[in-house]
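Shown next, in structure tokens, is the structure this report addresses.
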Amino acid sequence: KYFFAVLILVILSAGCENESSISQVRNIVENEPDQKFIKSRIVITENGVTYAIVEAESVKVFSDADFTSLEGGILIDFFNREGEYVSTLTAGSGEVWGLYNEVDSLKAIDDVVIVSEENDKRLETPTYLNWIASTRYVHAEKNSVVKLISENAVEEGINFTAKDDLSEYSMDNVSGIIEGNDINLPGR
């Protein structure tokens, strides 16, 4: 019986060579990290200019995979190309890809909120947002509903993409409420 169970496991393992990236992340996280940090702060710079500061309750670094897991609540301050603070993101957890060579992307997961300092906007999504370091844009899960709140409007939509300071954004299937007397609609 024991030999038969081992043989089945070997056969099943051989058929799993083409795992998805989700499976790969699970495999990484199931292994022990190379480094663990509690109440950590990661400063991401480019040519000496800070463009993000990531704070997390717990950080687990997996060096071979160039992957870092952020757990227990995260806070990320974003800065523009001149190093000036522009917005803050909060979420339940996150993932950083490319921490050692070059930060490629960051995924903020669970009850994600971005508050823009300059544009007085607040973005909310219950699922996740990806932040791409090279473009400094955030992208919501493809069909996840996001809510964008500003001084006189609340918009909801899907397929959300925006600059990390929320100064420019796009989304599909938009609905919402706009309040005020001085509303200028395009084409009117």
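Ligands are numbered from 1 in the order shown, chains are lettered A, B, ... in the order of the structure tokens, and residues start at 1 in each chain.
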Determine, counting only C-alpha atoms, which protein, DNA and RNA residues have an atom within 12 Å of an atom of Lys60 (chain A); residues of the same chain fewer than 4 positions away are not included. Present the result as a PDB file with N, CA, C and O atoms, in the first residue's frame.
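Output file around.pdb follows:
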ATOM      1  N   ILE A  28       6.503  29.147  -3.232  1.00  0.00           N
ATOM      2  CA  ILE A  28       7.506  30.009  -2.618  1.00  0.00           C
ATOM      3  C   ILE A  28       7.151  30.248  -1.159  1.00  0.00           C
ATOM      4  O   ILE A  28       7.974  30.085  -0.263  1.00  0.00           O
ATOM      5  N   VAL A  29       5.904  30.646  -0.903  1.00  0.00           N
ATOM      6  CA  VAL A  29       5.490  31.009   0.439  1.00  0.00           C
ATOM      7  C   VAL A  29       5.475  29.803   1.371  1.00  0.00           C
ATOM      8  O   VAL A  29       5.699  29.936   2.564  1.00  0.00           O
ATOM      9  N   GLU A  30       5.234  28.600   0.846  1.00  0.00           N
ATOM     10  CA  GLU A  30       5.253  27.404   1.679  1.00  0.00           C
ATOM     11  C   GLU A  30       6.660  27.083   2.172  1.00  0.00           C
ATOM     12  O   GLU A  30       6.833  26.462   3.211  1.00  0.00           O
ATOM     13  N   ASN A  31       7.681  27.494   1.444  1.00  0.00           N
ATOM     14  CA  ASN A  31       9.061  27.288   1.877  1.00  0.00           C
ATOM     15  C   ASN A  31       9.418  28.330   2.934  1.00  0.00           C
ATOM     16  O   ASN A  31       8.789  29.376   3.037  1.00  0.00           O
ATOM     17  N   GLU A  32      10.448  28.054   3.688  1.00  0.00           N
ATOM     18  CA  GLU A  32      10.921  29.018   4.676  1.00  0.00           C
ATOM     19  C   GLU A  32      11.611  30.174   3.951  1.00  0.00           C
ATOM     20  O   GLU A  32      12.401  29.957   3.033  1.00  0.00           O
ATOM     21  N   PRO A  33      11.340  31.410   4.354  1.00  0.00           N
ATOM     22  CA  PRO A  33      12.006  32.554   3.721  1.00  0.00           C
ATOM     23  C   PRO A  33      13.481  32.608   4.106  1.00  0.00           C
ATOM     24  O   PRO A  33      13.896  32.053   5.127  1.00  0.00           O
ATOM     25  N   ASP A  34      14.254  33.300   3.292  1.00  0.00           N
ATOM     26  CA  ASP A  34      15.671  33.490   3.589  1.00  0.00           C
ATOM     27  C   ASP A  34      15.857  34.519   4.700  1.00  0.00           C
ATOM     28  O   ASP A  34      16.815  34.447   5.464  1.00  0.00           O
ATOM     29  N   GLN A  35      14.943  35.473   4.759  1.00  0.00           N
ATOM     30  CA  GLN A  35      15.007  36.511   5.789  1.00  0.00           C
ATOM     31  C   GLN A  35      13.582  36.841   6.232  1.00  0.00           C
ATOM     32  O   GLN A  35      12.650  36.819   5.426  1.00  0.00           O
ATOM     33  N   LYS A  36      13.434  37.184   7.521  1.00  0.00           N
ATOM     34  CA  LYS A  36      12.154  37.637   8.068  1.00  0.00           C
ATOM     35  C   LYS A  36      12.404  38.930   8.827  1.00  0.00           C
ATOM     36  O   LYS A  36      13.390  39.044   9.548  1.00  0.00           O
ATOM     37  N   PHE A  37      11.505  39.880   8.643  1.00  0.00           N
ATOM     38  CA  PHE A  37      11.611  41.149   9.346  1.00  0.00           C
ATOM     39  C   PHE A  37      10.248  41.481   9.959  1.00  0.00           C
ATOM     40  O   PHE A  37       9.214  41.241   9.341  1.00  0.00           O
ATOM     41  N   ILE A  38      10.246  42.057  11.123  1.00  0.00           N
ATOM     42  CA  ILE A  38       9.023  42.478  11.793  1.00  0.00           C
ATOM     43  C   ILE A  38       9.016  44.005  11.835  1.00  0.00           C
ATOM     44  O   ILE A  38      10.043  44.636  12.098  1.00  0.00           O
ATOM     45  N   LYS A  39       7.830  44.591  11.581  1.00  0.00           N
ATOM     46  CA  LYS A  39       7.673  46.059  11.563  1.00  0.00           C
ATOM     47  C   LYS A  39       8.777  46.688  10.714  1.00  0.00           C
ATOM     48  O   LYS A  39       9.620  47.429  11.205  1.00  0.00           O
ATOM     49  N   SER A  40       8.733  46.388   9.435  1.00  0.00           N
ATOM     50  CA  SER A  40       9.804  46.782   8.523  1.00  0.00           C
ATOM     51  C   SER A  40       9.427  47.960   7.651  1.00  0.00           C
ATOM     52  O   SER A  40       8.270  48.230   7.387  1.00  0.00           O
ATOM     53  N   ALA A  56       5.491  47.412   6.465  1.00  0.00           N
ATOM     54  CA  ALA A  56       4.680  46.215   6.685  1.00  0.00           C
ATOM     55  C   ALA A  56       4.937  45.669   8.076  1.00  0.00           C
ATOM     56  O   ALA A  56       6.044  45.794   8.606  1.00  0.00           O
ATOM     57  N   ALA A  65      13.802  33.425  -5.498  1.00  0.00           N
ATOM     58  CA  ALA A  65      12.677  33.772  -6.365  1.00  0.00           C
ATOM     59  C   ALA A  65      12.585  35.273  -6.617  1.00  0.00           C
ATOM     60  O   ALA A  65      11.755  35.716  -7.403  1.00  0.00           O
ATOM     61  N   ASP A  66      13.440  36.078  -5.956  1.00  0.00           N
ATOM     62  CA  ASP A  66      13.390  37.535  -6.066  1.00  0.00           C
ATOM     63  C   ASP A  66      11.978  38.030  -5.741  1.00  0.00           C
ATOM     64  O   ASP A  66      11.406  38.869  -6.418  1.00  0.00           O
ATOM     65  N   PHE A  67      11.418  37.465  -4.660  1.00  0.00           N
ATOM     66  CA  PHE A  67      10.042  37.707  -4.249  1.00  0.00           C
ATOM     67  C   PHE A  67      10.019  38.023  -2.760  1.00  0.00           C
ATOM     68  O   PHE A  67      10.734  37.406  -1.973  1.00  0.00           O
ATOM     69  N   THR A  68       9.180  38.990  -2.372  1.00  0.00           N
ATOM     70  CA  THR A  68       9.031  39.349  -0.966  1.00  0.00           C
ATOM     71  C   THR A  68       7.551  39.394  -0.628  1.00  0.00           C
ATOM     72  O   THR A  68       6.752  39.997  -1.351  1.00  0.00           O
ATOM     73  N   SER A  69       7.191  38.758   0.475  1.00  0.00           N
ATOM     74  CA  SER A  69       5.814  38.733   0.954  1.00  0.00           C
ATOM     75  C   SER A  69       5.658  39.768   2.061  1.00  0.00           C
ATOM     76  O   SER A  69       6.465  39.814   2.994  1.00  0.00           O
ATOM     77  N   LEU A  70       4.625  40.608   1.954  1.00  0.00           N
ATOM     78  CA  LEU A  70       4.328  41.628   2.955  1.00  0.00           C
ATOM     79  C   LEU A  70       3.034  41.218   3.644  1.00  0.00           C
ATOM     80  O   LEU A  70       2.020  41.026   2.978  1.00  0.00           O
ATOM     81  N   GLU A  71       3.062  41.114   4.970  1.00  0.00           N
ATOM     82  CA  GLU A  71       1.896  40.590   5.682  1.00  0.00           C
ATOM     83  C   GLU A  71       1.535  41.462   6.877  1.00  0.00           C
ATOM     84  O   GLU A  71       2.352  42.224   7.369  1.00  0.00           O
ATOM     85  N   GLY A  72       0.290  41.305   7.334  1.00  0.00           N
ATOM     86  CA  GLY A  72      -0.145  41.970   8.556  1.00  0.00           C
ATOM     87  C   GLY A  72      -0.488  43.435   8.388  1.00  0.00           C
ATOM     88  O   GLY A  72      -0.429  44.204   9.331  1.00  0.00           O
ATOM     89  N   SER A  93      -2.292  43.023   2.754  1.00  0.00           N
ATOM     90  CA  SER A  93      -1.025  42.332   2.517  1.00  0.00           C
ATOM     91  C   SER A  93      -0.503  42.722   1.143  1.00  0.00           C
ATOM     92  O   SER A  93      -1.139  43.496   0.428  1.00  0.00           O
ATOM     93  N   GLY A  94       0.642  42.158   0.773  1.00  0.00           N
ATOM     94  CA  GLY A  94       1.193  42.492  -0.525  1.00  0.00           C
ATOM     95  C   GLY A  94       2.321  41.580  -0.945  1.00  0.00           C
ATOM     96  O   GLY A  94       2.779  40.720  -0.172  1.00  0.00           O
ATOM     97  N   GLU A  95       2.771  41.769  -2.173  1.00  0.00           N
ATOM     98  CA  GLU A  95       3.875  41.017  -2.757  1.00  0.00           C
ATOM     99  C   GLU A  95       4.752  41.989  -3.525  1.00  0.00           C
ATOM    100  O   GLU A  95       4.242  42.861  -4.219  1.00  0.00           O
ATOM    101  N   VAL A  96       6.055  41.847  -3.389  1.00  0.00           N
ATOM    102  CA  VAL A  96       7.002  42.658  -4.155  1.00  0.00           C
ATOM    103  C   VAL A  96       7.817  41.717  -5.015  1.00  0.00           C
ATOM    104  O   VAL A  96       8.386  40.746  -4.517  1.00  0.00           O
ATOM    105  N   LEU A  99      12.884  42.627  -5.738  1.00  0.00           N
ATOM    106  CA  LEU A  99      13.417  43.490  -4.689  1.00  0.00           C
ATOM    107  C   LEU A  99      14.930  43.676  -4.770  1.00  0.00           C
ATOM    108  O   LEU A  99      15.436  44.749  -4.498  1.00  0.00           O
TER     109      LEU A  99
END
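Among A:Asn159, A:Asn119, A:Ser58, A:Asn173, the residue with the shortest atom-to-atom distance to Glu141 (chain A), counting only C-alpha atoms, is A:Asn159.
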Residues at most 6 Å from region 129-134 of chain A, counting only C-alpha atoms, excluding those fewer than 2 positions away in the same chain, as a ChimeraX atom specification?
-> /A:104-108,136-140
Please identify all polymer residues within 9 Å of Asn152 (chain A), counting only C-alpha atoms, omitting same-chain residues fewer than 4 positions from it, and present them as a list in words.
-> Ile177, Ile178, Glu179 and Gly180 of chain A
Store the residues of this selection in a file with all heavy atoms, as a tab-separated table (two decimals), in the first residue's frame.
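Once everything was written out, this is part.tsv:
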chain	number	residue	atom	x	y	z
A	177	ILE	N	-22.21	59.33	-9.03
A	177	ILE	CA	-22.96	60.52	-8.65
A	177	ILE	C	-22.02	61.71	-8.69
A	177	ILE	O	-20.91	61.66	-8.16
A	177	ILE	CB	-23.51	60.37	-7.21
A	177	ILE	CG1	-24.43	59.16	-7.13
A	177	ILE	CG2	-24.20	61.63	-6.76
A	177	ILE	CD1	-24.82	58.79	-5.72
A	178	ILE	N	-22.48	62.80	-9.32
A	178	ILE	CA	-21.73	64.06	-9.33
A	178	ILE	C	-22.64	65.11	-8.74
A	178	ILE	O	-23.80	65.23	-9.12
A	178	ILE	CB	-21.31	64.47	-10.77
A	178	ILE	CG1	-20.41	63.40	-11.37
A	178	ILE	CG2	-20.62	65.82	-10.75
A	178	ILE	CD1	-20.02	63.68	-12.81
A	179	GLU	N	-22.11	65.88	-7.79
A	179	GLU	CA	-22.89	66.93	-7.14
A	179	GLU	C	-22.30	68.29	-7.46
A	179	GLU	O	-21.10	68.41	-7.63
A	179	GLU	CB	-22.88	66.72	-5.63
A	179	GLU	CG	-23.51	65.43	-5.19
A	179	GLU	CD	-23.38	65.20	-3.70
A	179	GLU	OE1	-22.64	65.95	-3.04
A	179	GLU	OE2	-24.03	64.27	-3.21
A	180	GLY	N	-23.16	69.32	-7.49
A	180	GLY	CA	-22.68	70.68	-7.68
A	180	GLY	C	-23.37	71.39	-8.82
A	180	GLY	O	-23.99	70.77	-9.69
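When CA of Glu57 (chain A) is paired with CA of Glu84 (chain A), their separation reads 24.7 Å.
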Could you find all residues in region 118-188 of chain A that DSSP calls strand (DSSP E) from the backbone, and write them as a count of residues only?
-> 38
Residue neighbourhood region 78-80 of chain A, 10 Å, only C-alpha atoms, exclusion window fewer than 6 positions, as a VMD selection string | chain A and resid 44 to 45 49 to 54 86 to 89 114 116 136 164 to 165
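Minimum atom-to-atom distance to Lys163 (chain A), evaluated using only C-alpha atoms, belongs to A:Leu123 out of A:Leu123, A:Ala91, A:Val59, A:Val112.
For the atom pair formed by CA of Lys142 (chain A) and CA of Phe160 (chain A), the distance is 7.6 Å, given to one decimal.
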Enumerate, as number ranges by chain, the complete set of residues in region 16-152 of chain A that a backbone-based DSSP assignment places in helix (DSSP H, G or I).
-> A: 21-30, 63-65
